[in-house]
Amino acid sequence: MKSQTLLLLGIVVFGVLGTCHGGGLRKDYYQVSCPQAKEIIKKATEKYVAMNPTLPAKFLRIHFHDCFVRGCDASVLLNSTSKNTAEKQAPPNLTLIGFDILDKIKEEVEKQCPGVVSCADVLALAARDSVSFKFGRPLWEVLTGRRDGRVSRISEALANLPSPFSNFTTLVKNFAGKGLDVHDLVVLSGGHSIGIGHCNTFSNRLYNFTGKGDQDPSLSPSYAAFLKTKCRSLSDTTTFVEMDPGGSLKFDNDYYFVLKKNMGLFQSDAALLTDEFALKTVNDMLNSPNFFTEFAKSMQKMGAIGVLTGNAGEIRKKCYVVN
């Protein structure tokens, strides 16, 4: 296990929008309109990550939760209004943190290029740049040209975000609906190498797995005993633990070694061991170079789902409110 931090993994959506994989996104979308955009976002992101090393997990999780609902359109960044309850208010999103920092990064871009760079691109780039910070190089390519959505509904977040309680069949169906396959599911779950999980997202595995006051037999008994010292009841909604014990600040492939020891924190983690092909992919990810290569591919695939391009949507001036 490592000596050094996501997120309820999630990946993409659209409800009624259907699936569209990145038509219109380009490598240098802002080359003419705001050539310094990527560098501004990178410098601002790195400044904040240097002050708060937990931000990579937070930004990565926000990016996942955004793409899961209506595609990668920054709808998760919108605040509720008197007439609408936004995605932010959905229970799975109540523990998202980092919106204020993303707003500050957007402000930096607005100072140089007002009304040009979308919040959706700011989020996608900040997620990549934050995770990449300690490596000194970008871990995956982010094509740009996304535009911002004008709609954010709590009901759509509830309907589309994957649950930490999901079994393998449910996860596969969820991901397939977004154009993602079993390989993507396993690889993107590697994002759980960093970040934390709140007790209420897994304590049923400790105290009431089948409704009979029992423990999940697929969870390592010794790890379950440790978790019980942290999460002392089913009603604990505030305590959290590292998803990768001892390594929640270091992005790597250790998640898969933990998983193989039956120490995946969520039921959705353990589910990856219940399918032959998924297990083969888990074993493949035990090779570090394989993981980083495949994670980059799956992140690009995820980041292109349901994007608004061309004249669709808008370029928000402030990420938390439509223009």
# chains A, B, ... in the order shown; residues from 1 in each chain; ligands from 1

call {"tool": "residues_around", "arguments": {"residues": "range 227-244 of chain A", "least_positions_apart": "3", "cutoff": "6 Å", "atoms": "only C-alpha atoms", "output": "VMD selection string"}}
result
chain A and resid 193 196 to 200 203 224 247 to 248

call {"tool": "write_last_selection", "arguments": {"atoms": "all heavy atoms", "output": "PDB file, in the first residue's frame"}}
result
ATOM      1  N   SER A 193      -8.179   6.123  -7.017  1.00  0.00           N
ATOM      2  CA  SER A 193      -6.850   6.123  -6.407  1.00  0.00           C
ATOM      3  C   SER A 193      -6.655   7.363  -5.542  1.00  0.00           C
ATOM      4  O   SER A 193      -5.852   7.355  -4.610  1.00  0.00           O
ATOM      5  CB  SER A 193      -5.776   6.080  -7.499  1.00  0.00           C
ATOM      6  OG  SER A 193      -4.498   6.300  -6.958  1.00  0.00           O
ATOM      7  N   ILE A 196     -11.598  10.681  -1.249  1.00  0.00           N
ATOM      8  CA  ILE A 196     -12.210  10.106  -0.050  1.00  0.00           C
ATOM      9  C   ILE A 196     -13.615   9.598  -0.341  1.00  0.00           C
ATOM     10  O   ILE A 196     -14.209   9.921  -1.367  1.00  0.00           O
ATOM     11  CB  ILE A 196     -12.297  11.171   1.072  1.00  0.00           C
ATOM     12  CG1 ILE A 196     -13.137  12.362   0.594  1.00  0.00           C
ATOM     13  CG2 ILE A 196     -10.894  11.590   1.512  1.00  0.00           C
ATOM     14  CD1 ILE A 196     -13.490  13.364   1.664  1.00  0.00           C
ATOM     15  N   GLY A 197     -14.120   8.774   0.570  1.00  0.00           N
ATOM     16  CA  GLY A 197     -15.491   8.316   0.508  1.00  0.00           C
ATOM     17  C   GLY A 197     -16.154   8.547   1.858  1.00  0.00           C
ATOM     18  O   GLY A 197     -15.539   8.285   2.908  1.00  0.00           O
ATOM     19  N   HIS A 198     -17.387   9.035   1.850  1.00  0.00           N
ATOM     20  CA  HIS A 198     -18.106   9.260   3.098  1.00  0.00           C
ATOM     21  C   HIS A 198     -18.738   7.963   3.585  1.00  0.00           C
ATOM     22  O   HIS A 198     -19.169   7.125   2.795  1.00  0.00           O
ATOM     23  CB  HIS A 198     -19.174  10.337   2.910  1.00  0.00           C
ATOM     24  CG  HIS A 198     -18.604  11.715   2.813  1.00  0.00           C
ATOM     25  ND1 HIS A 198     -18.014  12.196   1.652  1.00  0.00           N
ATOM     26  CD2 HIS A 198     -18.500  12.723   3.730  1.00  0.00           C
ATOM     27  CE1 HIS A 198     -17.590  13.439   1.856  1.00  0.00           C
ATOM     28  NE2 HIS A 198     -17.860  13.778   3.104  1.00  0.00           N
ATOM     29  N   CYS A 199     -18.805   7.813   4.883  1.00  0.00           N
ATOM     30  CA  CYS A 199     -19.274   6.567   5.482  1.00  0.00           C
ATOM     31  C   CYS A 199     -20.630   6.114   4.949  1.00  0.00           C
ATOM     32  O   CYS A 199     -20.847   4.909   4.739  1.00  0.00           O
ATOM     33  CB  CYS A 199     -19.355   6.727   6.998  1.00  0.00           C
ATOM     34  SG  CYS A 199     -17.744   6.804   7.820  1.00  0.00           S
ATOM     35  N   ASN A 200     -21.537   7.053   4.736  1.00  0.00           N
ATOM     36  CA  ASN A 200     -22.885   6.653   4.317  1.00  0.00           C
ATOM     37  C   ASN A 200     -22.934   6.070   2.914  1.00  0.00           C
ATOM     38  O   ASN A 200     -23.954   5.528   2.503  1.00  0.00           O
ATOM     39  CB  ASN A 200     -23.844   7.839   4.427  1.00  0.00           C
ATOM     40  CG  ASN A 200     -23.434   9.021   3.571  1.00  0.00           C
ATOM     41  OD1 ASN A 200     -22.297   9.458   3.619  1.00  0.00           O
ATOM     42  ND2 ASN A 200     -24.366   9.541   2.797  1.00  0.00           N
ATOM     43  N   SER A 203     -21.225   2.216   4.376  1.00  0.00           N
ATOM     44  CA  SER A 203     -21.403   1.601   5.698  1.00  0.00           C
ATOM     45  C   SER A 203     -22.425   0.472   5.700  1.00  0.00           C
ATOM     46  O   SER A 203     -22.416  -0.371   6.610  1.00  0.00           O
ATOM     47  CB  SER A 203     -21.769   2.659   6.743  1.00  0.00           C
ATOM     48  OG  SER A 203     -22.945   3.348   6.371  1.00  0.00           O
ATOM     49  N   ALA A 224     -12.732  -4.443   6.835  1.00  0.00           N
ATOM     50  CA  ALA A 224     -14.041  -4.101   7.385  1.00  0.00           C
ATOM     51  C   ALA A 224     -13.921  -3.722   8.858  1.00  0.00           C
ATOM     52  O   ALA A 224     -14.548  -2.762   9.324  1.00  0.00           O
ATOM     53  CB  ALA A 224     -15.005  -5.274   7.214  1.00  0.00           C
ATOM     54  N   GLY A 247      -2.983   6.377   0.624  1.00  0.00           N
ATOM     55  CA  GLY A 247      -2.489   6.919  -0.644  1.00  0.00           C
ATOM     56  C   GLY A 247      -3.442   7.854  -1.343  1.00  0.00           C
ATOM     57  O   GLY A 247      -3.424   7.962  -2.573  1.00  0.00           O
ATOM     58  N   SER A 248      -4.258   8.546  -0.592  1.00  0.00           N
ATOM     59  CA  SER A 248      -5.337   9.331  -1.199  1.00  0.00           C
ATOM     60  C   SER A 248      -4.889  10.617  -1.880  1.00  0.00           C
ATOM     61  O   SER A 248      -5.703  11.330  -2.468  1.00  0.00           O
ATOM     62  CB  SER A 248      -6.395   9.672  -0.151  1.00  0.00           C
ATOM     63  OG  SER A 248      -5.838  10.465   0.883  1.00  0.00           O
TER      64      SER A 248
END

call {"tool": "residues_around", "arguments": {"residues": "range 43-50 of chain A", "least_positions_apart": "6", "cutoff": "9 Å", "atoms": "only C-alpha atoms", "output": "list of chain:residue names"}}
result
A:Pro56, A:Ile101, A:Leu102, A:Lys104, A:Ile105, A:Glu108, A:Leu125, A:Ala126, A:Ala127, A:Asp129, A:Ser130, A:Phe133

call {"tool": "write_last_selection", "arguments": {"atoms": "N, CA and C atoms", "output": "JSON list (two decimals), in the first residue's frame"}}
result
[["chain", "number", "residue", "atom", "x", "y", "z"],
["A", 56, "PRO", "N", -6.96, 17.89, -6.78],
["A", 56, "PRO", "CA", -7.06, 17.01, -7.95],
["A", 56, "PRO", "C", -8.24, 16.04, -7.87],
["A", 101, "ILE", "N", -13.11, 27.55, -6.31],
["A", 101, "ILE", "CA", -11.81, 27.65, -6.96],
["A", 101, "ILE", "C", -11.97, 27.67, -8.48],
["A", 102, "LEU", "N", -12.88, 26.88, -9.00],
["A", 102, "LEU", "CA", -13.14, 26.88, -10.45],
["A", 102, "LEU", "C", -13.65, 28.25, -10.89],
["A", 104, "LYS", "N", -12.79, 31.06, -9.56],
["A", 104, "LYS", "CA", -11.61, 31.94, -9.56],
["A", 104, "LYS", "C", -10.75, 31.70, -10.80],
["A", 105, "ILE", "N", -10.62, 30.44, -11.20],
["A", 105, "ILE", "CA", -9.85, 30.13, -12.40],
["A", 105, "ILE", "C", -10.53, 30.73, -13.63],
["A", 108, "GLU", "N", -9.78, 34.39, -13.93],
["A", 108, "GLU", "CA", -8.47, 34.66, -14.50],
["A", 108, "GLU", "C", -8.52, 34.66, -16.03],
["A", 125, "LEU", "N", -10.08, 21.17, -18.41],
["A", 125, "LEU", "CA", -8.64, 21.45, -18.34],
["A", 125, "LEU", "C", -8.13, 21.48, -16.90],
["A", 126, "ALA", "N", -8.92, 22.07, -16.01],
["A", 126, "ALA", "CA", -8.51, 22.13, -14.60],
["A", 126, "ALA", "C", -8.43, 20.74, -13.98],
["A", 127, "ALA", "N", -9.35, 19.86, -14.38],
["A", 127, "ALA", "CA", -9.30, 18.48, -13.88],
["A", 127, "ALA", "C", -8.01, 17.82, -14.34],
["A", 129, "ASP", "N", -5.19, 19.30, -15.48],
["A", 129, "ASP", "CA", -3.99, 19.97, -14.99],
["A", 129, "ASP", "C", -3.75, 19.72, -13.50],
["A", 130, "SER", "N", -4.81, 19.59, -12.74],
["A", 130, "SER", "CA", -4.65, 19.35, -11.30],
["A", 130, "SER", "C", -4.08, 17.96, -11.04],
["A", 133, "PHE", "N", -0.37, 17.78, -12.08],
["A", 133, "PHE", "CA", 0.54, 18.73, -11.44],
["A", 133, "PHE", "C", 1.82, 18.07, -10.92]]

call {"tool": "atom_distance", "arguments": {"atom1": "CA of Arg153 in chain A", "atom2": "CA of Pro92 in chain A"}}
result
13.2 Å

call {"tool": "closest_residue", "arguments": {"among": "A:Gly149, A:Ala37, A:Leu185, A:Gly190", "to": "Lys106 in chain A", "atoms": "only C-alpha atoms"}}
result
A:Ala37

call {"tool": "closest_residue", "arguments": {"among": "A:Gly179, A:Gly71, A:Gly115, A:Gly136", "to": "Cys319 in chain A", "atoms": "only C-alpha atoms"}}
result
A:Gly115

call {"tool": "select_by_dssp", "arguments": {"residues": "range 20-237 of chain A", "states": "helix (DSSP H, G or I)", "output": "number ranges by chain"}}
result
A: 37-51, 55-68, 75-77, 87-89, 91-93, 99-112, 119-135, 154-160, 168-176, 182-193, 199-201, 204-207, 221-230

call {"tool": "select_by_dssp", "arguments": {"residues": "range 70-275 of chain A", "states": "strand (DSSP E)", "output": "list in words"}}
result
Ile196, Gly197, His198, Phe240, Val241 and Glu242 of chain A

call {"tool": "write_last_selection", "arguments": {"atoms": "N, CA and C atoms", "output": "PDB file, in the first residue's frame"}}
result
ATOM      1  N   ILE A 196     -11.598  10.681  -1.249  1.00  0.00           N
ATOM      2  CA  ILE A 196     -12.210  10.106  -0.050  1.00  0.00           C
ATOM      3  C   ILE A 196     -13.615   9.598  -0.341  1.00  0.00           C
ATOM      4  N   GLY A 197     -14.120   8.774   0.570  1.00  0.00           N
ATOM      5  CA  GLY A 197     -15.491   8.316   0.508  1.00  0.00           C
ATOM      6  C   GLY A 197     -16.154   8.547   1.858  1.00  0.00           C
ATOM      7  N   HIS A 198     -17.387   9.035   1.850  1.00  0.00           N
ATOM      8  CA  HIS A 198     -18.106   9.260   3.098  1.00  0.00           C
ATOM      9  C   HIS A 198     -18.738   7.963   3.585  1.00  0.00           C
ATOM     10  N   PHE A 240     -15.380  10.544   6.885  1.00  0.00           N
ATOM     11  CA  PHE A 240     -14.920  10.029   5.601  1.00  0.00           C
ATOM     12  C   PHE A 240     -13.594   9.304   5.777  1.00  0.00           C
ATOM     13  N   VAL A 241     -13.282   8.445   4.814  1.00  0.00           N
ATOM     14  CA  VAL A 241     -12.014   7.709   4.820  1.00  0.00           C
ATOM     15  C   VAL A 241     -11.394   7.788   3.431  1.00  0.00           C
ATOM     16  N   GLU A 242     -10.116   7.497   3.349  1.00  0.00           N
ATOM     17  CA  GLU A 242      -9.429   7.474   2.061  1.00  0.00           C
ATOM     18  C   GLU A 242      -9.936   6.300   1.223  1.00  0.00           C
TER      19      GLU A 242
END

call {"tool": "residues_around", "arguments": {"residues": "Thr293 in chain A", "least_positions_apart": "6", "cutoff": "10 Å", "atoms": "only C-alpha atoms", "output": "PyMOL selection string"}}
result
chain A and resi 139-140+187+285

call {"tool": "closest_residue", "arguments": {"among": "A:Lys250, A:Lys42, A:Arg26, A:His183", "to": "Val109 in chain A", "atoms": "only C-alpha atoms"}}
result
A:Lys42

call {"tool": "closest_residue", "arguments": {"among": "A:Thr201, A:Ser75, A:Asn208, A:Ser82", "to": "Thr95 in chain A", "atoms": "only C-alpha atoms"}}
result
A:Thr201

call {"tool": "closest_residue", "arguments": {"among": "A:Gly303, A:Gly310, A:Gly195, A:Gly213", "to": "Ala74 in chain A", "atoms": "only C-alpha atoms"}}
result
A:Gly303

call {"tool": "closest_atom_pairs", "arguments": {"of": "range 213-320 of chain A", "to": "range 116-124 of chain A", "cutoff": "9 Å", "atoms": "only C-alpha atoms", "output": "JSON lines"}}
result
{"residue": "A:Gly303", "atom": "CA", "partner": "A:Ala124", "partner_atom": "CA", "distance": 7.1}
{"residue": "A:Val307", "atom": "CA", "partner": "A:Ala120", "partner_atom": "CA", "distance": 8.8}
{"residue": "A:Glu314", "atom": "CA", "partner": "A:Ser118", "partner_atom": "CA", "distance": 7.8}
{"residue": "A:Ile315", "atom": "CA", "partner": "A:Ser118", "partner_atom": "CA", "distance": 4.9}
{"residue": "A:Arg316", "atom": "CA", "partner": "A:Ser118", "partner_atom": "CA", "distance": 6.3}
{"residue": "A:Lys317", "atom": "CA", "partner": "A:Ser118", "partner_atom": "CA", "distance": 8.3}
{"residue": "A:Lys318", "atom": "CA", "partner": "A:Cys119", "partner_atom": "CA", "distance": 7.9}
{"residue": "A:Cys319", "atom": "CA", "partner": "A:Cys119", "partner_atom": "CA", "distance": 5.7}

call {"tool": "write_last_selection", "arguments": {"atoms": "N, CA, C and O atoms", "output": "short mmCIF file (atom, residue, chain, number, x, y, z; two decimals), in the first residue's frame"}}
result
data_model
loop_
_atom_site.label_atom_id
_atom_site.label_comp_id
_atom_site.auth_asym_id
_atom_site.auth_seq_id
_atom_site.Cartn_x
_atom_site.Cartn_y
_atom_site.Cartn_z
N GLY A 303 -14.56 12.81 -21.73
CA GLY A 303 -14.63 14.26 -21.83
C GLY A 303 -15.29 14.77 -23.09
O GLY A 303 -15.55 15.98 -23.21
N VAL A 307 -21.06 16.78 -25.66
CA VAL A 307 -20.60 18.17 -25.65
C VAL A 307 -21.46 19.04 -26.57
O VAL A 307 -21.96 18.59 -27.60
N GLU A 314 -23.98 28.32 -24.70
CA GLU A 314 -23.44 29.67 -24.58
C GLU A 314 -22.05 29.60 -23.97
O GLU A 314 -21.57 28.53 -23.59
N ILE A 315 -21.40 30.75 -23.87
CA ILE A 315 -20.14 30.87 -23.12
C ILE A 315 -20.48 31.71 -21.90
O ILE A 315 -20.65 32.93 -21.99
N ARG A 316 -20.64 31.06 -20.75
CA ARG A 316 -21.02 31.80 -19.54
C ARG A 316 -19.93 32.77 -19.11
O ARG A 316 -18.75 32.45 -19.17
N LYS A 317 -20.35 33.90 -18.63
CA LYS A 317 -19.41 34.86 -18.06
C LYS A 317 -19.00 34.43 -16.66
O LYS A 317 -17.86 34.60 -16.24
N LYS A 318 -19.96 33.90 -15.92
CA LYS A 318 -19.72 33.34 -14.59
C LYS A 318 -20.26 31.92 -14.59
O LYS A 318 -21.38 31.68 -15.03
N CYS A 319 -19.47 31.01 -14.06
CA CYS A 319 -19.83 29.59 -14.21
C CYS A 319 -21.07 29.17 -13.44
O CYS A 319 -21.68 28.16 -13.76
#

call {"tool": "closest_residue", "arguments": {"among": "A:Phe168, A:Phe99, A:Tyr255, A:Phe175", "to": "Lys58 in chain A", "atoms": "only C-alpha atoms"}}
result
A:Phe99

call {"tool": "atom_distance", "arguments": {"atom1": "CA of Leu143 in chain A", "atom2": "CA of Glu110 in chain A"}}
result
19.6 Å

call {"tool": "residues_around", "arguments": {"residues": "range 257-271 of chain A", "least_positions_apart": "2", "cutoff": "7 Å", "atoms": "only C-alpha atoms", "output": "ChimeraX atom specification"}}
result
/A:164-168,202,218-220,223,243,254-255,273-274,286
